[in-house]
$ cat query-v6.cif   # mmCIF, C-alpha atoms
data_data
loop_
_atom_site.label_atom_id
_atom_site.label_comp_id
_atom_site.auth_asym_id
_atom_site.auth_seq_id
_atom_site.Cartn_x
_atom_site.Cartn_y
_atom_site.Cartn_z
CA ALA A 16 -31.71 -82.28 -12.92
CA LEU A 17 -33.59 -79.06 -13.50
CA LEU A 18 -35.66 -78.97 -16.66
CA GLN A 19 -34.77 -76.24 -19.12
CA SER A 20 -37.40 -73.51 -19.15
CA ALA A 21 -39.73 -73.68 -22.13
CA GLY A 22 -38.73 -71.75 -25.19
CA ARG A 23 -35.24 -70.99 -23.94
CA GLU A 24 -32.34 -72.41 -25.91
CA ALA A 25 -29.34 -73.90 -24.20
CA PRO A 26 -26.41 -71.49 -24.36
CA ARG A 27 -23.88 -72.40 -26.99
CA ASP A 28 -20.76 -70.94 -28.47
CA ARG A 29 -21.22 -69.64 -31.97
CA THR A 30 -18.81 -67.81 -34.22
CA PRO A 31 -20.71 -65.86 -36.89
CA SER A 32 -18.80 -65.83 -40.18
CA LEU A 33 -17.57 -62.58 -41.69
CA GLU A 34 -20.51 -62.68 -44.11
CA GLU A 35 -22.88 -63.04 -41.15
CA VAL A 36 -21.21 -60.14 -39.30
CA GLN A 37 -21.56 -58.03 -42.44
CA ALA A 38 -25.28 -58.93 -42.52
CA ILE A 39 -25.66 -57.86 -38.87
CA TRP A 40 -23.78 -54.64 -39.72
CA ALA A 41 -26.13 -53.91 -42.65
CA ALA A 42 -29.24 -54.69 -40.58
CA SER A 43 -28.07 -52.33 -37.81
CA PHE A 44 -28.86 -49.36 -40.05
CA GLU A 45 -32.57 -50.18 -39.58
CA MET A 46 -32.17 -49.77 -35.81
CA GLY A 47 -32.34 -45.99 -35.46
CA HIS A 48 -30.00 -43.39 -33.94
CA LEU A 49 -29.27 -45.13 -30.63
CA TRP A 50 -29.27 -48.90 -31.10
CA GLY A 51 -27.80 -48.82 -34.60
CA PRO A 52 -24.56 -47.11 -33.49
CA TYR A 53 -24.49 -49.31 -30.38
CA ILE A 54 -24.53 -52.52 -32.44
CA ARG A 55 -21.93 -51.14 -34.85
CA LEU A 56 -19.60 -50.14 -32.01
CA CYS A 57 -19.98 -53.59 -30.45
CA ILE A 58 -18.86 -55.03 -33.79
CA LEU A 59 -16.04 -52.56 -34.48
CA THR A 60 -14.45 -52.53 -31.03
CA GLY A 61 -14.89 -56.18 -30.05
CA GLN A 62 -15.47 -55.16 -26.43
CA ARG A 63 -18.03 -56.56 -24.01
CA SER A 64 -21.44 -55.40 -25.15
CA ARG A 65 -22.99 -54.39 -21.83
CA SER A 66 -20.17 -53.37 -19.51
CA ASP A 67 -17.68 -51.88 -21.97
CA VAL A 68 -19.85 -50.51 -24.79
CA LEU A 69 -23.32 -49.81 -23.35
CA GLN A 70 -21.79 -48.15 -20.26
CA MET A 71 -19.38 -46.05 -22.34
CA GLN A 72 -18.94 -42.46 -21.16
CA TRP A 73 -17.72 -39.43 -23.08
CA GLY A 74 -15.00 -38.99 -20.48
CA TRP A 75 -13.48 -42.30 -21.59
CA ILE A 76 -13.01 -41.14 -25.19
CA ASP A 77 -9.94 -39.38 -26.55
CA PHE A 78 -10.87 -38.17 -30.03
CA SER A 79 -7.39 -36.71 -30.57
CA ARG A 80 -5.81 -40.16 -30.18
CA ASN A 81 -8.63 -42.26 -31.69
CA ARG A 82 -9.08 -44.35 -28.57
CA TYR A 83 -11.20 -44.92 -25.53
CA GLU A 84 -10.19 -46.22 -22.14
CA ILE A 85 -12.39 -48.53 -20.11
CA PRO A 86 -11.54 -47.63 -16.50
CA ASN A 87 -12.97 -50.72 -14.83
CA PRO A 88 -13.59 -53.57 -17.27
CA LYS A 89 -14.65 -57.05 -16.27
CA ASN A 90 -11.15 -58.17 -15.32
CA GLY A 91 -10.55 -55.00 -13.29
CA ARG A 92 -7.63 -53.69 -15.32
CA PRO A 93 -7.92 -50.38 -17.21
CA HIS A 94 -7.99 -51.10 -20.91
CA ILE A 95 -7.24 -48.92 -23.96
CA VAL A 96 -9.27 -49.58 -27.11
CA HIS A 97 -8.29 -48.14 -30.50
CA LEU A 98 -11.14 -46.52 -32.43
CA SER A 99 -11.05 -47.10 -36.18
CA ASP A 100 -12.28 -44.36 -38.53
CA PRO A 101 -15.80 -45.89 -38.78
CA ALA A 102 -15.97 -46.09 -34.95
CA ILE A 103 -14.90 -42.44 -34.62
CA GLY A 104 -17.56 -41.51 -37.18
CA GLU A 105 -20.28 -43.26 -35.16
CA LEU A 106 -19.21 -41.48 -31.96
CA GLN A 107 -19.01 -38.06 -33.62
CA ARG A 108 -22.58 -38.44 -34.93
CA LEU A 109 -23.79 -39.48 -31.47
CA LYS A 110 -22.02 -36.47 -29.98
CA GLU A 111 -23.79 -34.14 -32.43
CA GLN A 112 -27.17 -35.71 -31.58
CA GLN A 113 -26.54 -35.06 -27.88
CA ALA A 114 -25.47 -31.44 -28.42
CA SER A 115 -28.54 -30.16 -26.56
CA GLN A 116 -27.91 -32.24 -23.42
CA THR A 117 -24.94 -32.74 -21.16
CA SER A 118 -24.94 -36.44 -20.41
CA ALA A 119 -21.90 -38.37 -19.27
CA PHE A 120 -23.17 -41.42 -21.18
CA VAL A 121 -22.72 -42.10 -24.89
CA PHE A 122 -25.77 -44.38 -25.14
CA THR A 123 -28.60 -42.83 -23.18
CA THR A 124 -32.28 -41.99 -23.47
CA THR A 125 -32.64 -40.15 -20.15
CA GLY A 126 -29.28 -38.37 -20.06
CA LYS A 127 -28.82 -39.62 -16.49
CA ARG A 128 -27.80 -43.24 -17.06
CA ALA A 129 -26.88 -45.69 -19.79
CA ALA A 130 -29.75 -46.85 -21.97
CA SER A 131 -31.67 -49.98 -21.00
CA GLY A 132 -33.51 -52.40 -23.26
CA VAL A 133 -30.68 -54.29 -24.98
CA SER A 134 -32.66 -57.56 -25.06
CA LYS A 135 -35.65 -55.87 -26.71
CA ALA A 136 -33.39 -54.12 -29.22
CA LYS A 137 -31.66 -57.43 -30.02
CA LEU A 138 -35.04 -59.02 -30.85
CA ARG A 139 -35.74 -56.17 -33.30
CA LEU A 140 -32.27 -56.54 -34.78
CA ASP A 141 -32.81 -60.28 -35.28
CA HIS A 142 -35.91 -59.49 -37.35
CA PHE A 143 -33.95 -57.13 -39.64
CA VAL A 144 -31.02 -59.56 -39.88
CA GLN A 145 -33.34 -62.37 -41.04
CA GLN A 146 -34.88 -60.08 -43.67
CA HIS A 147 -31.48 -59.00 -44.94
CA TRP A 148 -30.19 -62.59 -44.94
CA ILE A 149 -33.07 -63.74 -47.15
CA GLU A 150 -32.55 -60.74 -49.47
CA LEU A 151 -28.94 -61.88 -49.90
CA GLY A 152 -30.32 -65.11 -51.36
CA HIS A 153 -29.81 -67.50 -48.45
CA LYS A 154 -32.30 -70.37 -48.30
CA SER A 155 -31.70 -71.32 -44.67
CA PRO A 156 -32.47 -68.85 -41.85
CA PHE A 157 -29.80 -66.93 -39.95
CA GLN A 158 -28.84 -69.12 -37.00
CA PRO A 159 -29.45 -67.84 -33.43
CA TRP A 160 -26.62 -65.74 -32.01
CA VAL A 161 -25.86 -63.45 -29.08
CA LEU A 162 -23.94 -60.18 -28.95
CA HIS A 163 -21.00 -61.84 -27.18
CA ASP A 164 -20.48 -64.01 -30.29
CA LEU A 165 -19.24 -60.91 -32.13
CA ARG A 166 -16.07 -60.97 -30.02
CA ARG A 167 -15.37 -64.52 -31.20
CA SER A 168 -15.99 -63.48 -34.82
CA GLN A 169 -13.50 -60.64 -34.51
CA ALA A 170 -10.83 -62.83 -32.90
CA THR A 171 -11.27 -65.57 -35.50
CA ALA A 172 -11.19 -63.22 -38.50
CA LEU A 173 -8.08 -61.42 -37.26
CA ALA A 174 -6.28 -64.69 -36.52
CA GLU A 175 -7.17 -66.00 -39.98
CA ALA A 176 -5.84 -62.75 -41.48
CA GLY A 177 -2.50 -63.48 -39.80
CA PHE A 178 -2.60 -61.11 -36.84
CA ASP A 179 -0.69 -62.26 -33.77
CA GLU A 180 -2.78 -64.11 -31.19
CA GLY A 181 -1.26 -62.00 -28.40
CA VAL A 182 -2.39 -58.82 -30.15
CA VAL A 183 -5.94 -60.18 -30.54
CA ASP A 184 -5.98 -61.22 -26.87
CA ARG A 185 -4.98 -57.72 -25.82
CA ILE A 186 -7.63 -56.11 -28.05
CA GLN A 187 -10.27 -58.13 -26.18
CA ASN A 188 -8.56 -57.63 -22.81
CA HIS A 189 -8.02 -61.33 -22.20
CA VAL A 190 -5.43 -61.05 -19.46
CA ALA A 191 -4.42 -64.10 -17.49
CA SER A 192 -5.43 -63.66 -13.89
CA GLY A 193 -2.66 -64.02 -11.35
CA SER A 194 -0.97 -62.10 -8.60
CA ARG A 195 -1.68 -58.39 -8.34
CA VAL A 196 0.56 -56.46 -10.73
CA SER A 197 2.49 -53.35 -9.79
CA ALA A 198 1.22 -49.93 -10.90
CA VAL A 199 4.07 -49.68 -13.42
CA ALA A 200 3.33 -53.12 -14.87
CA ALA A 201 -0.39 -52.29 -15.06
CA VAL A 202 0.29 -49.19 -17.17
CA TYR A 203 2.66 -51.18 -19.39
CA ASN A 204 0.12 -53.97 -19.91
CA LYS A 205 -2.63 -51.46 -20.66
CA ALA A 206 -0.67 -49.86 -23.52
CA GLN A 207 1.21 -52.95 -24.71
CA LYS A 208 1.19 -53.59 -28.46
CA LEU A 209 -1.11 -50.59 -28.97
CA THR A 210 0.23 -49.89 -32.48
CA GLU A 211 -0.37 -53.49 -33.55
CA ARG A 212 -3.77 -53.49 -31.88
CA ALA A 213 -4.74 -50.33 -33.77
CA ALA A 214 -3.65 -51.88 -37.08
CA ALA A 215 -5.68 -55.01 -36.36
CA LEU A 216 -8.82 -53.04 -35.46
CA ASP A 217 -8.44 -50.91 -38.60
CA ALA A 218 -8.20 -54.14 -40.62
CA TRP A 219 -11.28 -55.55 -38.88
CA ALA A 220 -13.25 -52.38 -39.63
CA ALA A 221 -12.28 -52.70 -43.30
CA MET A 222 -13.44 -56.35 -43.37
CA VAL A 223 -16.78 -55.57 -41.74
CA THR A 224 -17.58 -52.52 -43.87
CA GLY A 225 -16.28 -54.15 -47.06
CA GLN A 226 -13.76 -51.38 -47.66
CA PRO A 227 -10.80 -52.42 -49.82
CA THR A 228 -7.60 -52.23 -47.82
CA ASN A 229 -4.16 -53.76 -47.70
CA ILE A 230 -4.47 -56.16 -44.75
CA LEU A 231 -0.87 -57.29 -45.21
CA GLN A 232 0.32 -53.70 -44.88
CA LEU A 233 -1.75 -53.20 -41.72
CA ARG A 234 -0.54 -56.51 -40.30
CA GLU A 235 3.08 -55.43 -40.70
CA ALA A 236 2.50 -51.94 -39.27
#

$ encode --input "query-v6.cif" --output "structure tokens"
Amino acid sequence: ALLQSAGREAPRDRTPSLEEVQAIWAASFEMGHLWGPYIRLCILTGQRSRSDVLQMQWGWIDFSRNRYEIPNPKNGRPHIVHLSDPAIGELQRLKEQQASQTSAFVFTTTGKRAASGVSKAKLRLDHFVQQHWIELGHKSPFQPWVLHDLRRSQATALAEAGFDEGVVDRIQNHVASGSRVSAVAAVYNKAQKLTERAAALDAWAAMVTGQPTNILQLREA
């Protein structure tokens, strides 16, 4: 058997609690005008951090409908994602910052391609998260986590709040692989339960930001 490389932890599934996600959210405001919004949009949308958020393009976003569409996500099926009010706010601020350049990419430093350096940014974020966690009065350190864990946190919190598992699956684009679907079926699947998905993502945004809201009302939307 191959020995594990020194200093590298074995991968493990972890589901940060809502309190932990809120700590990550708070720490993200120390991360500046690029990586801060990136972390917050990873949290708010629950999409894959590198392919679906980091690679996001302005052409994918429909501000009039509060949504963005990932044209070629990991499972190959176009996917619509509702944007809650906090997510729209993040994107509008990013748009204003980019007013002087015409880049296709939302998260960019060069204007020509998506930003690089996620791993380095995550190390900085971990430092701020630990500081914030201690300030909250926790005696034990914040346990190691990866960006992908945020998807599990979202799914767990929404399920615990009573949202339908099928709705949560569709938010995260967990589609069972099988035979190739027809064009009509693909469009139907892409938009399926969009109203319920929007309500769930609005509820998740309220949980993360600590905004008082009627989750029951959103759940029954």

$ resolve_selection --input "query-v6.cif" --expression "the PyMOL selection byres ((chain A and resi 160) around 9)" --output "mmCIF file with C-alpha atoms, in the frame of the given file"
data_model
loop_
_atom_site.group_PDB
_atom_site.id
_atom_site.type_symbol
_atom_site.label_atom_id
_atom_site.label_comp_id
_atom_site.auth_asym_id
_atom_site.auth_seq_id
_atom_site.Cartn_x
_atom_site.Cartn_y
_atom_site.Cartn_z
ATOM 1 C CA ARG A 27 -23.880 -72.400 -26.990
ATOM 2 C CA ASP A 28 -20.760 -70.940 -28.470
ATOM 3 C CA ARG A 29 -21.220 -69.640 -31.970
ATOM 4 C CA THR A 30 -18.810 -67.810 -34.220
ATOM 5 C CA PRO A 31 -20.710 -65.860 -36.890
ATOM 6 C CA ASP A 141 -32.810 -60.280 -35.280
ATOM 7 C CA PHE A 157 -29.800 -66.930 -39.950
ATOM 8 C CA GLN A 158 -28.840 -69.120 -37.000
ATOM 9 C CA PRO A 159 -29.450 -67.840 -33.430
ATOM 10 C CA VAL A 161 -25.860 -63.450 -29.080
ATOM 11 C CA LEU A 162 -23.940 -60.180 -28.950
ATOM 12 C CA HIS A 163 -21.000 -61.840 -27.180
ATOM 13 C CA ASP A 164 -20.480 -64.010 -30.290
ATOM 14 C CA LEU A 165 -19.240 -60.910 -32.130
#

$ closest_residue --input "query-v6.cif" --among "A:Gln70, A:Thr60, A:Thr210, A:Thr224" --to "Arg166 in chain A" --atoms "all atoms listed in the file"
A:Thr60

$ closest_residue --input "query-v6.cif" --among "A:Ile54, A:Ala41, A:Leu140, A:Leu59" --to "Ala170 in chain A" --atoms "all atoms listed in the file"
A:Leu59

$ residues_near_point --input "query-v6.cif" --point "(-18.1, -59.2, -19.1)" --cutoff "7 Å" --atoms "only C-alpha atoms" --output "count of residues only"
3

$ residues_around --input "query-v6.cif" --residues "range 175-183 of chain A" --least-positions-apart "2" --cutoff "8 Å" --atoms "only C-alpha atoms" --output "number ranges by chain"
A: 170-173, 185-187, 208, 211-212, 215, 230, 234

$ residues_around --input "query-v6.cif" --residues "Arg65 in chain A" --least-positions-apart "2" --cutoff "12 Å" --atoms "only C-alpha atoms" --output "PDB file with C-alpha atoms, in the coordinates of the input"
ATOM      1  CA  TYR A  53     -24.490 -49.310 -30.380  1.00  0.00           C
ATOM      2  CA  ILE A  54     -24.530 -52.520 -32.440  1.00  0.00           C
ATOM      3  CA  LEU A  56     -19.600 -50.140 -32.010  1.00  0.00           C
ATOM      4  CA  CYS A  57     -19.980 -53.590 -30.450  1.00  0.00           C
ATOM      5  CA  GLY A  61     -14.890 -56.180 -30.050  1.00  0.00           C
ATOM      6  CA  GLN A  62     -15.470 -55.160 -26.430  1.00  0.00           C
ATOM      7  CA  ARG A  63     -18.030 -56.560 -24.010  1.00  0.00           C
ATOM      8  CA  ASP A  67     -17.680 -51.880 -21.970  1.00  0.00           C
ATOM      9  CA  VAL A  68     -19.850 -50.510 -24.790  1.00  0.00           C
ATOM     10  CA  LEU A  69     -23.320 -49.810 -23.350  1.00  0.00           C
ATOM     11  CA  GLN A  70     -21.790 -48.150 -20.260  1.00  0.00           C
ATOM     12  CA  MET A  71     -19.380 -46.050 -22.340  1.00  0.00           C
ATOM     13  CA  PRO A  88     -13.590 -53.570 -17.270  1.00  0.00           C
ATOM     14  CA  LYS A  89     -14.650 -57.050 -16.270  1.00  0.00           C
ATOM     15  CA  PHE A 122     -25.770 -44.380 -25.140  1.00  0.00           C
ATOM     16  CA  ALA A 129     -26.880 -45.690 -19.790  1.00  0.00           C
ATOM     17  CA  ALA A 130     -29.750 -46.850 -21.970  1.00  0.00           C
ATOM     18  CA  SER A 131     -31.670 -49.980 -21.000  1.00  0.00           C
ATOM     19  CA  GLY A 132     -33.510 -52.400 -23.260  1.00  0.00           C
ATOM     20  CA  VAL A 133     -30.680 -54.290 -24.980  1.00  0.00           C
ATOM     21  CA  SER A 134     -32.660 -57.560 -25.060  1.00  0.00           C
ATOM     22  CA  VAL A 161     -25.860 -63.450 -29.080  1.00  0.00           C
ATOM     23  CA  LEU A 162     -23.940 -60.180 -28.950  1.00  0.00           C
ATOM     24  CA  HIS A 163     -21.000 -61.840 -27.180  1.00  0.00           C
TER      25      HIS A 163
END

$ residues_near_point --input "query-v6.cif" --point "(-14.3, -47.5, -33.0)" --cutoff "9 Å" --atoms "only C-alpha atoms" --output "PDB file with C-alpha atoms, in the frame of the given file"
ATOM      1  CA  ARG A  55     -21.930 -51.140 -34.850  1.00  0.00           C
ATOM      2  CA  LEU A  56     -19.600 -50.140 -32.010  1.00  0.00           C
ATOM      3  CA  CYS A  57     -19.980 -53.590 -30.450  1.00  0.00           C
ATOM      4  CA  ILE A  58     -18.860 -55.030 -33.790  1.00  0.00           C
ATOM      5  CA  LEU A  59     -16.040 -52.560 -34.480  1.00  0.00           C
ATOM      6  CA  THR A  60     -14.450 -52.530 -31.030  1.00  0.00           C
ATOM      7  CA  ASN A  81      -8.630 -42.260 -31.690  1.00  0.00           C
ATOM      8  CA  ARG A  82      -9.080 -44.350 -28.570  1.00  0.00           C
ATOM      9  CA  TYR A  83     -11.200 -44.920 -25.530  1.00  0.00           C
ATOM     10  CA  VAL A  96      -9.270 -49.580 -27.110  1.00  0.00           C
ATOM     11  CA  HIS A  97      -8.290 -48.140 -30.500  1.00  0.00           C
ATOM     12  CA  LEU A  98     -11.140 -46.520 -32.430  1.00  0.00           C
ATOM     13  CA  SER A  99     -11.050 -47.100 -36.180  1.00  0.00           C
ATOM     14  CA  ASP A 100     -12.280 -44.360 -38.530  1.00  0.00           C
ATOM     15  CA  PRO A 101     -15.800 -45.890 -38.780  1.00  0.00           C
ATOM     16  CA  ALA A 102     -15.970 -46.090 -34.950  1.00  0.00           C
ATOM     17  CA  ILE A 103     -14.900 -42.440 -34.620  1.00  0.00           C
ATOM     18  CA  GLY A 104     -17.560 -41.510 -37.180  1.00  0.00           C
ATOM     19  CA  GLU A 105     -20.280 -43.260 -35.160  1.00  0.00           C
ATOM     20  CA  LEU A 106     -19.210 -41.480 -31.960  1.00  0.00           C
ATOM     21  CA  LEU A 216      -8.820 -53.040 -35.460  1.00  0.00           C
ATOM     22  CA  ASP A 217      -8.440 -50.910 -38.600  1.00  0.00           C
ATOM     23  CA  ALA A 220     -13.250 -52.380 -39.630  1.00  0.00           C
TER      24      ALA A 220
END

$ atom_distance --input "query-v6.cif" --atom1 "CA of Gln113 in chain A" --atom2 "CA of Glu84 in chain A"
20.6 Å

$ closest_residue --input "query-v6.cif" --among "A:Asn90, A:Gln207, A:Ser168, A:Gln112" --to "Trp219 in chain A" --atoms "only C-alpha atoms"
A:Ser168

$ atom_distance --input "query-v6.cif" --atom1 "CA of Gln116 in chain A" --atom2 "CA of Trp40 in chain A"
28.0 Å

$ atom_distance --input "query-v6.cif" --atom1 "CA of Leu151 in chain A" --atom2 "CA of Leu138 in chain A"
20.2 Å

$ resolve_selection --input "query-v6.cif" --expression "the PyMOL selection byres ((chain A and resi 118) around 12)" --output "list in words"
Met71, Gln72, Trp73, Gly74, Leu109, Lys110, Gln112, Gln113, Ala114, Ser115, Gln116, Thr117, Ala119, Phe120, Val121, Phe122, Thr123, Thr124, Thr125, Gly126, Lys127, Arg128, Ala129 and Ala130 of chain A
